[in-house]
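Enquirer: Just one file: my_file.cif, with mmCIF, C-alpha atoms, pLDDT in the B column; chains and numbers go by the auth columns.
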```cif
data_run
loop_
_atom_site.group_PDB
_atom_site.id
_atom_site.type_symbol
_atom_site.label_atom_id
_atom_site.label_comp_id
_atom_site.label_asym_id
_atom_site.label_seq_id
_atom_site.Cartn_x
_atom_site.Cartn_y
_atom_site.Cartn_z
_atom_site.B_iso_or_equiv
_atom_site.auth_seq_id
_atom_site.auth_asym_id
ATOM 1 C CA MET A 1 1.099 -10.175 25.140 55.00 1 A
ATOM 2 C CA LYS A 2 -1.436 -8.654 22.744 55.00 2 A
ATOM 3 C CA LYS A 3 0.796 -5.564 22.304 53.00 3 A
ATOM 4 C CA PHE A 4 3.770 -7.818 21.568 48.00 4 A
ATOM 5 C CA ILE A 5 1.856 -9.738 18.860 53.00 5 A
ATOM 6 C CA THR A 6 0.668 -6.471 17.328 50.00 6 A
ATOM 7 C CA PHE A 7 4.245 -5.157 17.333 43.00 7 A
ATOM 8 C CA ILE A 8 5.624 -8.332 15.700 47.00 8 A
ATOM 9 C CA THR A 9 2.882 -8.265 13.048 45.00 9 A
ATOM 10 C CA LEU A 10 3.567 -4.600 12.290 40.00 10 A
ATOM 11 C CA LEU A 11 7.302 -5.272 12.110 37.00 11 A
ATOM 12 C CA ALA A 12 6.802 -8.189 9.711 40.00 12 A
ATOM 13 C CA VAL A 13 4.546 -6.123 7.431 40.00 13 A
ATOM 14 C CA THR A 14 7.022 -3.216 7.473 40.00 14 A
ATOM 15 C CA LEU A 15 9.951 -5.484 6.600 38.00 15 A
ATOM 16 C CA ALA A 16 8.062 -7.190 3.786 42.00 16 A
ATOM 17 C CA TYR A 17 6.948 -3.831 2.419 43.00 17 A
ATOM 18 C CA SER A 18 10.462 -2.342 2.489 47.00 18 A
ATOM 19 C CA GLN A 19 11.911 -5.447 0.820 54.00 19 A
ATOM 20 C CA THR A 20 9.513 -5.190 -2.136 74.00 20 A
ATOM 21 C CA LEU A 21 10.206 -1.460 -2.514 83.00 21 A
ATOM 22 C CA ASN A 22 13.914 -2.225 -2.306 86.00 22 A
ATOM 23 C CA GLN A 23 13.474 -4.189 -5.541 87.00 23 A
ATOM 24 C CA LEU A 24 13.048 -0.824 -7.292 88.00 24 A
ATOM 25 C CA ASN A 25 16.465 0.227 -6.007 88.00 25 A
ATOM 26 C CA ILE A 26 18.037 -3.057 -7.068 90.00 26 A
ATOM 27 C CA LYS A 27 16.486 -3.116 -10.545 91.00 27 A
ATOM 28 C CA TYR A 28 17.091 0.635 -11.053 94.00 28 A
ATOM 29 C CA GLY A 29 15.477 0.612 -14.463 94.00 29 A
ATOM 30 C CA VAL A 30 12.904 -0.950 -16.766 93.00 30 A
ATOM 31 C CA SER A 31 13.562 -3.587 -19.412 90.00 31 A
ATOM 32 C CA LYS A 32 17.050 -2.987 -20.822 95.00 32 A
ATOM 33 C CA PHE A 33 17.208 0.640 -19.653 97.00 33 A
ATOM 34 C CA LYS A 34 19.139 1.367 -16.454 97.00 34 A
ATOM 35 C CA LEU A 35 18.821 4.715 -14.756 98.00 35 A
ATOM 36 C CA GLU A 36 21.974 6.853 -14.793 98.00 36 A
ATOM 37 C CA SER A 37 23.378 4.937 -17.784 98.00 37 A
ATOM 38 C CA SER A 38 25.112 6.961 -20.490 98.00 38 A
ATOM 39 C CA LYS A 39 23.161 8.450 -23.398 97.00 39 A
ATOM 40 C CA SER A 40 25.900 7.112 -25.695 97.00 40 A
ATOM 41 C CA LEU A 41 24.521 3.564 -25.208 96.00 41 A
ATOM 42 C CA TYR A 42 21.399 4.387 -27.245 95.00 42 A
ATOM 43 C CA LEU A 43 22.355 7.540 -29.138 94.00 43 A
ATOM 44 C CA SER A 44 21.718 6.048 -32.600 96.00 44 A
ATOM 45 C CA ASP A 45 18.275 4.856 -31.432 97.00 45 A
ATOM 46 C CA LEU A 46 17.050 8.224 -30.119 97.00 46 A
ATOM 47 C CA LEU A 47 14.983 10.948 -31.761 97.00 47 A
ATOM 48 C CA TYR A 48 15.157 14.302 -29.944 96.00 48 A
ATOM 49 C CA LYS A 49 11.752 15.630 -28.845 96.00 49 A
ATOM 50 C CA PHE A 50 12.292 18.601 -26.511 95.00 50 A
ATOM 51 C CA GLY A 51 14.032 19.925 -23.419 92.00 51 A
ATOM 52 C CA ASP A 52 16.936 21.994 -22.244 88.00 52 A
ATOM 53 C CA ASN A 53 18.058 20.984 -18.761 92.00 53 A
ATOM 54 C CA VAL A 54 16.521 17.526 -19.217 95.00 54 A
ATOM 55 C CA GLN A 55 16.474 16.382 -22.840 96.00 55 A
ATOM 56 C CA TYR A 56 13.670 14.028 -23.860 97.00 56 A
ATOM 57 C CA TYR A 57 13.886 11.559 -26.731 98.00 57 A
ATOM 58 C CA SER A 58 11.736 8.927 -28.387 98.00 58 A
ATOM 59 C CA TYR A 59 13.386 5.525 -28.436 98.00 59 A
ATOM 60 C CA ILE A 60 12.942 4.425 -32.054 97.00 60 A
ATOM 61 C CA LYS A 61 14.827 1.131 -32.330 96.00 61 A
ATOM 62 C CA GLY A 62 11.643 -0.949 -32.140 92.00 62 A
ATOM 63 C CA ASP A 63 13.131 -3.899 -30.265 96.00 63 A
ATOM 64 C CA ILE A 64 10.881 -3.481 -27.198 95.00 64 A
ATOM 65 C CA LYS A 65 7.280 -4.183 -28.088 94.00 65 A
ATOM 66 C CA GLU A 66 5.743 -4.710 -24.640 94.00 66 A
ATOM 67 C CA ILE A 67 6.138 -4.377 -20.896 94.00 67 A
ATOM 68 C CA LEU A 68 4.272 -6.268 -18.217 94.00 68 A
ATOM 69 C CA GLY A 69 2.793 -8.397 -21.011 93.00 69 A
ATOM 70 C CA TYR A 70 1.120 -5.530 -22.914 94.00 70 A
ATOM 71 C CA ASP A 71 1.967 -3.680 -26.124 94.00 71 A
ATOM 72 C CA VAL A 72 3.561 -0.261 -25.887 96.00 72 A
ATOM 73 C CA LYS A 73 2.983 2.533 -28.360 96.00 73 A
ATOM 74 C CA ASP A 74 5.941 4.749 -27.463 97.00 74 A
ATOM 75 C CA ILE A 75 9.053 4.704 -25.312 98.00 75 A
ATOM 76 C CA HIS A 76 10.499 7.980 -24.046 97.00 76 A
ATOM 77 C CA LEU A 77 13.866 8.499 -22.401 98.00 77 A
ATOM 78 C CA GLY A 78 14.968 11.644 -20.589 98.00 78 A
ATOM 79 C CA TYR A 79 18.616 12.523 -19.984 98.00 79 A
ATOM 80 C CA TYR A 80 20.193 14.914 -17.544 97.00 80 A
ATOM 81 C CA ASN A 81 23.910 15.601 -18.078 96.00 81 A
ATOM 82 C CA ASN A 82 23.912 12.667 -20.541 97.00 82 A
ATOM 83 C CA LYS A 83 22.712 10.250 -17.838 98.00 83 A
ATOM 84 C CA LEU A 84 19.385 8.433 -18.077 98.00 84 A
ATOM 85 C CA TYR A 85 16.994 10.184 -15.707 98.00 85 A
ATOM 86 C CA TYR A 86 13.534 9.209 -17.032 98.00 86 A
ATOM 87 C CA ILE A 87 12.153 6.040 -18.641 98.00 87 A
ATOM 88 C CA GLY A 88 8.565 6.180 -19.887 97.00 88 A
ATOM 89 C CA PHE A 89 6.356 3.650 -21.621 97.00 89 A
ATOM 90 C CA VAL A 90 3.073 4.664 -23.249 97.00 90 A
ATOM 91 C CA PHE A 91 0.576 1.840 -23.705 95.00 91 A
ATOM 92 C CA GLU A 92 -1.368 1.390 -26.923 92.00 92 A
ATOM 93 C CA GLU A 93 -4.512 3.487 -27.331 87.00 93 A
ATOM 94 C CA ASN A 94 -7.757 2.105 -25.896 87.00 94 A
ATOM 95 C CA PHE A 95 -5.828 0.227 -23.223 90.00 95 A
ATOM 96 C CA HIS A 96 -8.318 -1.657 -21.026 90.00 96 A
ATOM 97 C CA HIS A 97 -6.040 -3.623 -18.697 91.00 97 A
ATOM 98 C CA THR A 98 -5.329 -0.963 -16.078 92.00 98 A
ATOM 99 C CA ASP A 99 -6.299 -3.154 -13.107 94.00 99 A
ATOM 100 C CA ILE A 100 -4.153 -6.063 -14.299 94.00 100 A
ATOM 101 C CA VAL A 101 -1.075 -3.852 -14.765 95.00 101 A
ATOM 102 C CA TYR A 102 -1.672 -2.216 -11.371 96.00 102 A
ATOM 103 C CA ASN A 103 -1.853 -5.663 -9.730 95.00 103 A
ATOM 104 C CA LYS A 104 1.365 -6.742 -11.477 95.00 104 A
ATOM 105 C CA LEU A 105 3.162 -3.639 -10.187 95.00 105 A
ATOM 106 C CA LYS A 106 1.710 -4.168 -6.718 94.00 106 A
ATOM 107 C CA ASN A 107 2.906 -7.800 -6.732 92.00 107 A
ATOM 108 C CA LEU A 108 6.393 -6.680 -7.775 92.00 108 A
ATOM 109 C CA TYR A 109 6.812 -3.665 -5.482 93.00 109 A
ATOM 110 C CA GLY A 110 4.105 -3.886 -2.823 92.00 110 A
ATOM 111 C CA PRO A 111 1.304 -1.401 -2.258 93.00 111 A
ATOM 112 C CA GLU A 112 1.807 2.033 -3.775 94.00 112 A
ATOM 113 C CA THR A 113 3.276 4.645 -1.479 93.00 113 A
ATOM 114 C CA SER A 114 1.034 7.403 -2.865 94.00 114 A
ATOM 115 C CA TYR A 115 -2.096 7.835 -4.951 95.00 115 A
ATOM 116 C CA ASP A 116 -3.637 10.946 -6.443 95.00 116 A
ATOM 117 C CA SER A 117 -6.560 11.659 -8.751 95.00 117 A
ATOM 118 C CA ASN A 118 -7.874 14.554 -10.817 94.00 118 A
ATOM 119 C CA TYR A 119 -4.857 16.841 -10.634 92.00 119 A
ATOM 120 C CA LYS A 120 -2.552 18.837 -12.882 90.00 120 A
ATOM 121 C CA SER A 121 1.105 17.870 -13.468 84.00 121 A
ATOM 122 C CA GLY A 122 2.823 20.594 -15.464 80.00 122 A
ATOM 123 C CA PRO A 123 0.796 20.996 -18.652 83.00 123 A
ATOM 124 C CA LEU A 124 -0.971 17.625 -18.201 85.00 124 A
ATOM 125 C CA ASP A 125 -4.306 16.930 -16.566 92.00 125 A
ATOM 126 C CA MET A 126 -4.232 13.597 -14.771 94.00 126 A
ATOM 127 C CA LYS A 127 -7.128 11.237 -13.991 95.00 127 A
ATOM 128 C CA TRP A 128 -5.144 9.086 -11.546 96.00 128 A
ATOM 129 C CA SER A 129 -1.620 8.156 -10.566 96.00 129 A
ATOM 130 C CA TYR A 130 -0.203 5.350 -8.415 97.00 130 A
ATOM 131 C CA GLN A 131 3.376 5.876 -7.301 97.00 131 A
ATOM 132 C CA TRP A 132 6.017 3.778 -5.617 96.00 132 A
ATOM 133 C CA HIS A 133 8.787 5.808 -3.967 95.00 133 A
ATOM 134 C CA SER A 134 11.993 4.122 -2.882 94.00 134 A
ATOM 135 C CA ALA A 135 15.293 5.655 -1.830 93.00 135 A
ATOM 136 C CA LYS A 136 16.651 5.778 -5.392 96.00 136 A
ATOM 137 C CA VAL A 137 13.601 5.474 -7.670 96.00 137 A
ATOM 138 C CA THR A 138 10.112 6.821 -8.232 97.00 138 A
ATOM 139 C CA LEU A 139 7.842 4.578 -10.318 97.00 139 A
ATOM 140 C CA SER A 140 4.492 5.894 -11.528 97.00 140 A
ATOM 141 C CA TYR A 141 1.514 4.287 -13.236 96.00 141 A
ATOM 142 C CA GLU A 142 -0.976 6.872 -14.459 96.00 142 A
ATOM 143 C CA GLU A 143 -3.765 7.890 -16.766 95.00 143 A
ATOM 144 C CA ARG A 144 -3.954 11.336 -18.314 94.00 144 A
ATOM 145 C CA SER A 145 -7.240 13.072 -19.049 92.00 145 A
ATOM 146 C CA ASP A 146 -6.827 12.273 -22.765 92.00 146 A
ATOM 147 C CA GLY A 147 -6.881 8.537 -21.910 93.00 147 A
ATOM 148 C CA THR A 148 -3.124 7.971 -22.335 94.00 148 A
ATOM 149 C CA ILE A 149 -1.852 5.335 -19.902 95.00 149 A
ATOM 150 C CA THR A 150 1.828 5.327 -18.977 96.00 150 A
ATOM 151 C CA VAL A 151 4.357 3.680 -16.721 97.00 151 A
ATOM 152 C CA TRP A 152 7.407 5.784 -15.991 97.00 152 A
ATOM 153 C CA MET A 153 10.394 5.735 -13.704 97.00 153 A
ATOM 154 C CA ILE A 154 12.873 8.414 -12.633 97.00 154 A
ATOM 155 C CA SER A 155 16.142 8.458 -10.737 97.00 155 A
ATOM 156 C CA ASN A 156 15.576 10.284 -7.439 97.00 156 A
ATOM 157 C CA ILE A 157 19.327 10.884 -7.297 95.00 157 A
ATOM 158 C CA LEU A 158 19.297 12.781 -10.601 97.00 158 A
ATOM 159 C CA GLU A 159 15.992 14.446 -9.637 96.00 159 A
ATOM 160 C CA LYS A 160 17.715 15.968 -6.619 95.00 160 A
ATOM 161 C CA MET A 161 20.617 17.149 -8.793 95.00 161 A
ATOM 162 C CA ILE A 162 18.176 18.769 -11.240 94.00 162 A
ATOM 163 C CA HIS A 163 16.426 20.673 -8.465 91.00 163 A
ATOM 164 C CA GLU A 164 19.734 21.757 -6.941 92.00 164 A
ATOM 165 C CA SER A 165 20.931 23.067 -10.321 89.00 165 A
ATOM 166 C CA GLU A 166 17.770 25.179 -10.641 81.00 166 A
ATOM 167 C CA PHE A 167 18.302 26.896 -7.286 76.00 167 A
#
```
Here is the file; what I need is its structure written in the form of structure tokens.
Expert:
Amino acid sequence: MKKFITFITLLAVTLAYSQTLNQLNIKYGVSKFKLESSKSLYLSDLLYKFGDNVQYYSYIKGDIKEILGYDVKDIHLGYYNNKLYYIGFVFEENFHHTDIVYNKLKNLYGPETSYDSNYKSGPLDMKWSYQWHSAKVTLSYEERSDGTITVWMISNILEKMIHESEF
């Protein structure tokens, strides 16, 4: 009987966890931005920054001032084959609400599926990163060594296509 109760409890936790992560798949974006949407939707509101295979832009329209209840400094969008691949929000400098934002993300999507600290990601040195990985989406909440705090999301579907095109 004890094994049965343990099994039922584990099953219930697993189902609840997968349902909250499934919300990432359902939402498939942040704010008004939907992953895999066409670049033409926002073309007049984009300022090219860099990139070849994936082209990164600053979103300059100014109509989105905050996410999760906090002011954002910058919004970056990355496009692969003219489809939205990356959505990134940079919080205002001297951001001191990291625990509150983490708890909001945890309430929305359950516990993070991975955590890392003190590592290098491309040219960036990272202090910490919480990530939620679902079938279609990766969501990350992180702090860089320069103190910049970001929330970003990518399409895992387009991520796979990018890697396949590089091989």
Enquirer: Near Asp45 (chain A), counting only C-alpha atoms, which residues have an atom at most 12 Å away, once you skip same-chain residues fewer than 3 positions from it, shown as a list in words?
Expert: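 The contact residues come out as Lys39, Ser40, Leu41, Tyr42, Tyr48, Tyr57, Ser58, Tyr59, Ile60, Lys61, Gly62, Asp63, Ile64, Ile75, His76 and Leu77 of chain A.
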Enquirer: If you apply the PyMOL selection byres ((chain A and resi 38) around 12) to this file, what residues do you get, as a PyMOL selection string?
Expert: chain A and resi 33-37+39-43+77-85
Enquirer: Using the chain letters and residue numbers of this document, give as a PyMOL selection string the residues selected by the PyMOL selection byres ((chain A and resi 109-125) around 10).
Expert: chain A and resi 16-24+102-108+126-134+138-146
Enquirer: Which residues would end up in the selection if the PyMOL selection byres ((chain A and resi 151-153) around 8) were applied here, given that I need the answer as a count of residues only?
Expert: 17
Enquirer: State, in Å with one decimal place, the distance from CA of Lys27 (chain A) to CA of Asn156 (chain A).
Expert: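 That distance, rounded to one decimal, is 13.8 Å.
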Enquirer: One number please: CA of Ile67 (chain A) to CA of Gln55 (chain A), in Å, one decimal.
Expert: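 Taking CA of Ile67 (chain A) as the start and CA of Gln55 (chain A) as the end point, the length is 23.3 Å.
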Enquirer: What's the separation between CA of Thr148 (chain A) and CA of Asn53 (chain A), in Å to one decimal place?
Expert: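 Atom-to-atom, CA of Thr148 (chain A) to CA of Asn53 (chain A), that is 25.1 Å.
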Enquirer: Can you pull out the residues contacting Tyr70 (chain A)? Cut-off 9 Å, using only C-alpha atoms, and skip same-chain residues under 2 positions away; I want them as a ChimeraX atom specification.
Expert: /A:65-68,72,91-92,97,101
Enquirer: Report, as JSON, the centre and edge lengths in Å (one decimal) of the axis-aligned box enclosing every listed atom of region 36-43 of chain A, padded by 4 Å on each side.
Expert:
```
{"center_x": 23.6, "center_y": 6.0, "center_z": -22.0, "size_x": 12.5, "size_y": 12.9, "size_z": 22.3}
```
Enquirer: Given the choices A:Asp71, A:Thr98, A:Asn25, A:Leu47, which gets closest to Gly147 (chain A) if the distance is worked out from all atoms listed in the file?
Expert: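 For Gly147 (chain A), the nearest of the given residues is A:Thr98.
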